[in-house]
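Enquirer: Quick one, work-v7.cif (mmCIF, C-alpha atoms):
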data_work
#
loop_
_atom_site.group_PDB
_atom_site.id
_atom_site.type_symbol
_atom_site.label_atom_id
_atom_site.label_comp_id
_atom_site.auth_asym_id
_atom_site.auth_seq_id
_atom_site.Cartn_x
_atom_site.Cartn_y
_atom_site.Cartn_z
ATOM 1 C CA CYS A 1 -23.810 -15.342 -13.667
ATOM 2 C CA ALA A 2 -23.846 -15.669 -17.430
ATOM 3 C CA ALA A 3 -22.780 -12.833 -19.715
ATOM 4 C CA GLY A 4 -25.490 -10.236 -19.972
ATOM 5 C CA CYS A 5 -27.894 -11.857 -17.518
ATOM 6 C CA GLY A 6 -28.013 -8.720 -15.386
ATOM 7 C CA CYS A 7 -27.317 -10.496 -12.110
ATOM 8 C CA ALA A 8 -25.180 -8.500 -9.708
ATOM 9 C CA PRO A 9 -21.960 -9.829 -8.206
ATOM 10 C CA SER A 10 -21.454 -10.299 -4.479
ATOM 11 C CA GLU A 11 -22.867 -7.442 -2.464
ATOM 12 C CA ASP A 12 -20.069 -7.759 0.094
ATOM 13 C CA VAL A 13 -17.355 -6.453 -2.258
ATOM 14 C CA PRO A 14 -16.549 -2.890 -1.216
ATOM 15 C CA ARG A 15 -16.050 -0.367 -4.030
ATOM 16 C CA GLY A 16 -12.366 0.114 -4.786
ATOM 17 C CA THR A 17 -11.655 -3.575 -4.177
ATOM 18 C CA VAL A 18 -11.341 -6.572 -6.476
ATOM 19 C CA VAL A 19 -11.989 -10.048 -5.105
ATOM 20 C CA ILE A 20 -10.401 -13.264 -6.354
ATOM 21 C CA GLU A 21 -12.562 -16.294 -5.634
ATOM 22 C CA GLY A 22 -13.767 -19.546 -7.169
ATOM 23 C CA ASP A 23 -13.583 -23.329 -7.028
ATOM 24 C CA ALA A 24 -9.916 -23.302 -8.104
ATOM 25 C CA VAL A 25 -8.725 -20.850 -5.432
ATOM 26 C CA GLU A 26 -7.726 -21.740 -1.871
ATOM 27 C CA GLY A 27 -9.707 -19.209 0.146
ATOM 28 C CA ARG A 28 -10.722 -15.774 -1.049
ATOM 29 C CA ALA A 29 -8.285 -12.934 -1.736
ATOM 30 C CA SER A 30 -8.857 -9.263 -2.386
ATOM 31 C CA PHE A 31 -6.839 -6.198 -3.236
ATOM 32 C CA THR A 32 -7.297 -2.450 -3.355
ATOM 33 C CA LEU A 33 -6.164 0.098 -5.910
ATOM 34 C CA GLU A 34 -3.209 1.000 -3.689
ATOM 35 C CA GLU A 35 -2.159 -2.661 -3.506
ATOM 36 C CA LEU A 36 -2.420 -2.938 -7.301
ATOM 37 C CA LYS A 37 -0.206 0.089 -7.809
ATOM 38 C CA ALA A 38 2.379 -1.404 -5.452
ATOM 39 C CA MET A 39 2.808 -4.534 -7.638
ATOM 40 C CA GLU A 40 5.796 -2.986 -9.425
ATOM 41 C CA ASP A 41 6.983 -6.216 -11.070
ATOM 42 C CA GLY A 42 3.629 -6.597 -12.835
ATOM 43 C CA LEU A 43 2.951 -3.002 -13.900
ATOM 44 C CA VAL A 44 2.127 -2.343 -17.553
ATOM 45 C CA GLU A 45 1.683 0.962 -19.359
ATOM 46 C CA ALA A 46 0.939 0.840 -23.087
ATOM 47 C CA ASP A 47 -1.211 2.029 -25.982
ATOM 48 C CA TYR A 48 -3.647 -0.840 -26.583
ATOM 49 C CA PHE A 49 -5.186 -1.283 -30.013
ATOM 50 C CA ALA A 50 -8.963 -1.782 -29.978
ATOM 51 C CA LEU A 51 -11.266 -3.162 -32.662
ATOM 52 C CA ASN A 52 -14.997 -3.259 -31.941
ATOM 53 C CA SER A 53 -17.824 -5.170 -33.610
ATOM 54 C CA TYR A 54 -18.650 -2.145 -35.818
ATOM 55 C CA GLY A 55 -15.143 -2.148 -37.296
ATOM 56 C CA SER A 56 -14.048 0.984 -35.427
ATOM 57 C CA LYS A 57 -10.360 1.056 -34.556
ATOM 58 C CA GLU A 58 -8.576 3.149 -31.948
ATOM 59 C CA TYR A 59 -5.628 3.255 -29.570
ATOM 60 C CA VAL A 60 -6.201 3.766 -25.862
ATOM 61 C CA HIS A 61 -3.393 4.376 -23.368
ATOM 62 C CA PHE A 62 -3.733 2.288 -20.202
ATOM 63 C CA LYS A 63 -1.840 1.884 -16.969
ATOM 64 C CA GLY A 64 -2.455 -1.237 -14.920
ATOM 65 C CA VAL A 65 -1.061 -4.564 -13.803
ATOM 66 C CA TRP A 66 -0.734 -7.901 -15.602
ATOM 67 C CA VAL A 67 -3.623 -10.151 -14.503
ATOM 68 C CA TRP A 68 -1.401 -13.244 -14.352
ATOM 69 C CA HIS A 69 0.937 -11.376 -11.969
ATOM 70 C CA ILE A 70 -2.051 -10.617 -9.708
ATOM 71 C CA LEU A 71 -3.149 -14.267 -9.698
ATOM 72 C CA LYS A 72 0.405 -15.512 -9.000
ATOM 73 C CA GLU A 73 0.930 -13.021 -6.169
ATOM 74 C CA LYS A 74 -2.542 -12.793 -4.596
ATOM 75 C CA ALA A 75 -4.305 -16.101 -5.229
ATOM 76 C CA ASN A 76 -3.422 -19.580 -4.108
ATOM 77 C CA LEU A 77 -4.513 -21.409 -7.278
ATOM 78 C CA LYS A 78 -5.416 -25.079 -7.158
ATOM 79 C CA GLU A 79 -3.956 -27.517 -9.670
ATOM 80 C CA HIS A 80 -7.197 -27.833 -11.652
ATOM 81 C CA ALA A 81 -7.498 -24.059 -12.312
ATOM 82 C CA SER A 82 -8.474 -23.658 -15.969
ATOM 83 C CA ARG A 83 -11.053 -20.849 -16.404
ATOM 84 C CA VAL A 84 -10.911 -17.216 -15.327
ATOM 85 C CA SER A 85 -14.034 -15.035 -15.374
ATOM 86 C CA PHE A 86 -14.082 -11.266 -14.934
ATOM 87 C CA ILE A 87 -17.344 -10.028 -13.465
ATOM 88 C CA ALA A 88 -18.359 -6.365 -13.480
ATOM 89 C CA GLU A 89 -20.496 -4.440 -11.033
ATOM 90 C CA ASP A 90 -23.498 -4.746 -13.364
ATOM 91 C CA GLY A 91 -23.075 -8.510 -13.804
ATOM 92 C CA TYR A 92 -21.388 -8.340 -17.257
ATOM 93 C CA GLU A 93 -18.951 -11.223 -17.484
ATOM 94 C CA VAL A 94 -16.277 -12.526 -19.832
ATOM 95 C CA GLU A 95 -14.427 -15.802 -19.491
ATOM 96 C CA PHE A 96 -10.918 -16.802 -20.576
ATOM 97 C CA THR A 97 -8.761 -19.876 -20.159
ATOM 98 C CA LEU A 98 -5.911 -19.703 -17.668
ATOM 99 C CA GLU A 99 -3.566 -19.918 -20.670
ATOM 100 C CA ASP A 100 -5.206 -16.775 -22.122
ATOM 101 C CA VAL A 101 -4.482 -14.927 -18.869
ATOM 102 C CA GLN A 102 -0.836 -16.051 -18.891
ATOM 103 C CA ARG A 103 -0.173 -14.923 -22.483
ATOM 104 C CA GLU A 104 2.363 -12.202 -23.161
ATOM 105 C CA ASP A 105 1.859 -12.098 -26.915
ATOM 106 C CA TYR A 106 -1.517 -10.503 -27.658
ATOM 107 C CA ILE A 107 -1.148 -8.415 -30.814
ATOM 108 C CA ASP A 108 -1.971 -5.129 -32.508
ATOM 109 C CA GLU A 109 -2.975 -5.936 -36.117
ATOM 110 C CA GLN A 110 -1.624 -2.550 -37.250
ATOM 111 C CA ASN A 111 1.765 -3.064 -35.583
ATOM 112 C CA PRO A 112 2.649 -6.794 -35.524
ATOM 113 C CA GLN A 113 5.826 -6.227 -33.464
ATOM 114 C CA THR A 114 3.769 -5.011 -30.491
ATOM 115 C CA LYS A 115 3.064 -7.612 -27.814
ATOM 116 C CA TYR A 116 0.524 -7.089 -25.048
ATOM 117 C CA LYS A 117 -0.403 -8.739 -21.760
ATOM 118 C CA MET A 118 -3.937 -8.961 -20.322
ATOM 119 C CA ILE A 119 -4.120 -6.211 -17.696
ATOM 120 C CA LEU A 120 -6.398 -4.848 -15.029
ATOM 121 C CA ALA A 121 -6.172 -1.095 -15.622
ATOM 122 C CA TRP A 122 -6.885 1.777 -13.248
ATOM 123 C CA GLU A 123 -5.944 4.589 -15.622
ATOM 124 C CA GLU A 124 -7.093 5.404 -19.183
ATOM 125 C CA ASN A 125 -5.542 8.116 -21.356
ATOM 126 C CA GLY A 126 -3.829 9.691 -18.340
ATOM 127 C CA ARG A 127 -6.905 9.770 -16.087
ATOM 128 C CA GLU A 128 -7.572 7.439 -13.192
ATOM 129 C CA TYR A 129 -11.035 5.917 -13.089
ATOM 130 C CA ASN A 130 -13.445 7.680 -10.760
ATOM 131 C CA PRO A 131 -14.639 5.330 -7.972
ATOM 132 C CA GLY A 132 -17.795 7.469 -7.769
ATOM 133 C CA LYS A 133 -18.760 6.181 -11.230
ATOM 134 C CA GLY A 134 -18.052 2.499 -10.595
ATOM 135 C CA ASN A 135 -15.365 0.146 -9.371
ATOM 136 C CA PRO A 136 -12.149 1.726 -10.734
ATOM 137 C CA PHE A 137 -10.803 -1.277 -12.641
ATOM 138 C CA GLN A 138 -11.055 -2.313 -16.291
ATOM 139 C CA LEU A 139 -9.933 -5.535 -17.927
ATOM 140 C CA VAL A 140 -7.956 -4.803 -21.107
ATOM 141 C CA VAL A 141 -6.653 -7.347 -23.615
ATOM 142 C CA GLY A 142 -5.014 -7.164 -27.051
ATOM 143 C CA GLN A 143 -6.001 -9.145 -30.133
ATOM 144 C CA ARG A 144 -5.418 -12.879 -30.564
ATOM 145 C CA GLU A 145 -5.039 -12.499 -34.351
ATOM 146 C CA PRO A 146 -5.618 -9.835 -37.043
ATOM 147 C CA GLY A 147 -9.333 -9.001 -37.250
ATOM 148 C CA ASP A 148 -10.028 -10.170 -33.674
ATOM 149 C CA GLU A 149 -12.695 -7.901 -32.121
ATOM 150 C CA ASN A 150 -11.075 -7.390 -28.737
ATOM 151 C CA ARG A 151 -12.999 -4.328 -27.501
ATOM 152 C CA PRO A 152 -16.055 -6.358 -26.316
ATOM 153 C CA CYS A 153 -13.691 -8.201 -23.923
ATOM 154 C CA TRP A 154 -12.740 -5.002 -22.129
ATOM 155 C CA VAL A 155 -14.775 -5.218 -18.929
ATOM 156 C CA ARG A 156 -15.395 -1.970 -17.025
ATOM 157 C CA ASN A 157 -15.918 -1.843 -13.262
ATOM 158 C CA VAL A 158 -14.461 -5.312 -12.564
ATOM 159 C CA MET A 159 -15.362 -6.476 -9.051
ATOM 160 C CA ILE A 160 -14.690 -10.206 -9.121
ATOM 161 C CA ILE A 161 -12.061 -12.380 -10.748
ATOM 162 C CA ARG A 162 -13.423 -15.915 -10.517
ATOM 163 C CA VAL A 163 -11.090 -18.875 -11.084
ATOM 164 C CA ASP A 164 -12.618 -22.305 -11.674
#
Please go through the file and, once you have read it, give me the structure as structure tokens.

Expert:
Amino acid sequence: CAAGCGCAPSEDVPRGTVVIEGDAVEGRASFTLEELKAMEDGLVEADYFALNSYGSKEYVHFKGVWVWHILKEKANLKEHASRVSFIAEDGYEVEFTLEDVQREDYIDEQNPQTKYKMILAWEENGREYNPGKGNPFQLVVGQREPGDENRPCWVRNVMIIRVD
């Protein structure tokens, strides 16, 4: 799938589950919301700064787990792993390098001391996502540099994390 092509991800992914698959993964792994919440060493709760393509700025409070922690704990990555794609229920997709996923120093241009990790969130502003309205996971990432429009990289209803 390419970003915005409208193709749907695997039909065999049950709602409430995220699948890790791809050419750079030994086998296929999956996890549920309950399994995510149990990953205590990787849990993150923070106010993420968002800048969209219209110049709108806001803070959104998220609770989730560091994506790199998920990949380390749940996926058996092959040596050549280099790209990580996040694919939503509707086929929307964003791609990052493995180094992007491992970063612990994404920024908030309005508060340079703040450092963020890339997370898979299940809660936004104190409310858990409703599985009846889509897969209850959202990719959230801070800014790479001041002025970086990070909001378009926030993928709602993530179903597949593909590692190639």

Enquirer: Assuming the chain letters and numbering stay as they are in my file, what does the PyMOL selection byres ((chain A and resi 35) around 12) actually select? List them as a PyMOL selection string.

Expert: chain A and resi 16-18+30-34+36-40+42-43+64-65+70+73-74+122

Enquirer: Work out how far apart CA of Ile20 (chain A) and CA of His61 (chain A) are and give it in Å to one decimal.

Expert: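 Interatomic distance, CA of Ile20 (chain A) to CA of His61 (chain A): 25.5 Å.
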
Enquirer: May I have the residues within 12 Å of Trp68 (chain A) as a ChimeraX atom specification, using only C-alpha atoms and disregarding those fewer than 5 positions away in the same chain?

Expert: /A:39,41-44,73-75,77,84,96-104,117-120,161,163

Enquirer: For Pro131 (chain A), please output as a list of chain:residue names all residues within 12 Å (counting only C-alpha atoms; exclusion window: fewer than 4 positions along the same chain).

Expert: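 Once the adjacent positions are removed, what remains is A:Pro14, A:Arg15, A:Gly16, A:Thr17, A:Thr32, A:Leu33, A:Glu89, A:Trp122, A:Glu123, A:Asn135, A:Pro136, A:Phe137, A:Gln138, A:Arg156, A:Asn157, A:Val158, A:Met159.
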
Enquirer: Do you have the CA of Trp66 (chain A)-CA of Asp105 (chain A) distance handy?

Expert: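 The value is 12.3 Å.
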
Enquirer: Mind giving me the axis-aligned box for region 64-68 of chain A with 4 Å on every side, centre plus edges in Å to one decimal, as lines of an AutoDock Vina configuration file?

Expert:
center_x = -2.2
center_y = -7.2
center_z = -14.7
size_x = 10.9
size_y = 20.0
size_z = 9.8

Enquirer: Assuming the chain letters and numbering stay as they are in my file, what does the PyMOL selection byres ((chain A and resi 52-59) around 12) actually select? List them as a PyMOL selection string.

Expert: chain A and resi 46-51+60-62+108-111+124-125+140+142-143+147-154

Enquirer: Let's have the selection written as a PDB file, keeping the file's coordinate frame, with C-alpha atoms.

Expert:
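What follows is the written file part.pdb:
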ATOM      1  CA  ALA A  46       0.939   0.840 -23.087  1.00  0.00           C
ATOM      2  CA  ASP A  47      -1.211   2.029 -25.982  1.00  0.00           C
ATOM      3  CA  TYR A  48      -3.647  -0.840 -26.583  1.00  0.00           C
ATOM      4  CA  PHE A  49      -5.186  -1.283 -30.013  1.00  0.00           C
ATOM      5  CA  ALA A  50      -8.963  -1.782 -29.978  1.00  0.00           C
ATOM      6  CA  LEU A  51     -11.266  -3.162 -32.662  1.00  0.00           C
ATOM      7  CA  VAL A  60      -6.201   3.766 -25.862  1.00  0.00           C
ATOM      8  CA  HIS A  61      -3.393   4.376 -23.368  1.00  0.00           C
ATOM      9  CA  PHE A  62      -3.733   2.288 -20.202  1.00  0.00           C
ATOM     10  CA  ASP A 108      -1.971  -5.129 -32.508  1.00  0.00           C
ATOM     11  CA  GLU A 109      -2.975  -5.936 -36.117  1.00  0.00           C
ATOM     12  CA  GLN A 110      -1.624  -2.550 -37.250  1.00  0.00           C
ATOM     13  CA  ASN A 111       1.765  -3.064 -35.583  1.00  0.00           C
ATOM     14  CA  GLU A 124      -7.093   5.404 -19.183  1.00  0.00           C
ATOM     15  CA  ASN A 125      -5.542   8.116 -21.356  1.00  0.00           C
ATOM     16  CA  VAL A 140      -7.956  -4.803 -21.107  1.00  0.00           C
ATOM     17  CA  GLY A 142      -5.014  -7.164 -27.051  1.00  0.00           C
ATOM     18  CA  GLN A 143      -6.001  -9.145 -30.133  1.00  0.00           C
ATOM     19  CA  GLY A 147      -9.333  -9.001 -37.250  1.00  0.00           C
ATOM     20  CA  ASP A 148     -10.028 -10.170 -33.674  1.00  0.00           C
ATOM     21  CA  GLU A 149     -12.695  -7.901 -32.121  1.00  0.00           C
ATOM     22  CA  ASN A 150     -11.075  -7.390 -28.737  1.00  0.00           C
ATOM     23  CA  ARG A 151     -12.999  -4.328 -27.501  1.00  0.00           C
ATOM     24  CA  PRO A 152     -16.055  -6.358 -26.316  1.00  0.00           C
ATOM     25  CA  CYS A 153     -13.691  -8.201 -23.923  1.00  0.00           C
ATOM     26  CA  TRP A 154     -12.740  -5.002 -22.129  1.00  0.00           C
TER      27      TRP A 154
END

Enquirer: Pick the closest to Ala24 (chain A) from A:Glu128, A:Glu45, A:Glu95, A:Glu79: which is it, counting all atoms listed in the file?

Expert: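 Closest residue, counting all atoms listed in the file: A:Glu79.
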
Enquirer: Can you tell me which residues surround Ile107 (chain A) at a distance of at most 8 Å, considering all atoms listed in the file, apart from same-chain residues fewer than 4 positions away, and format the answer as a list in words?

Expert: Asn111, Pro112, Gln113, Thr114, Lys115, Tyr116, Gly142, Gln143, Arg144, Glu145 and Pro146 of chain A

Enquirer: What does the distance from CA of Arg162 (chain A) to CA of Glu21 (chain A) come to in Å, to one decimal?

Expert: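 Distance reported for this atom pair: 5.0 Å.
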
Enquirer: Taking all atoms listed in the file into account, name the residue in A:Leu139, A:Val25, A:Val19, A:Ile160 that is nearest to Ile87 (chain A).

Expert: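 Answer, going by the shortest atom-to-atom distance: A:Ile160.
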
Enquirer: Could you check the closest approach to Ala88 (chain A) for each of A:Ala29, A:Lys63, A:Gly134, A:Lys72 and tell me which residue wins, using all atoms listed in the file?

Expert: A:Gly134
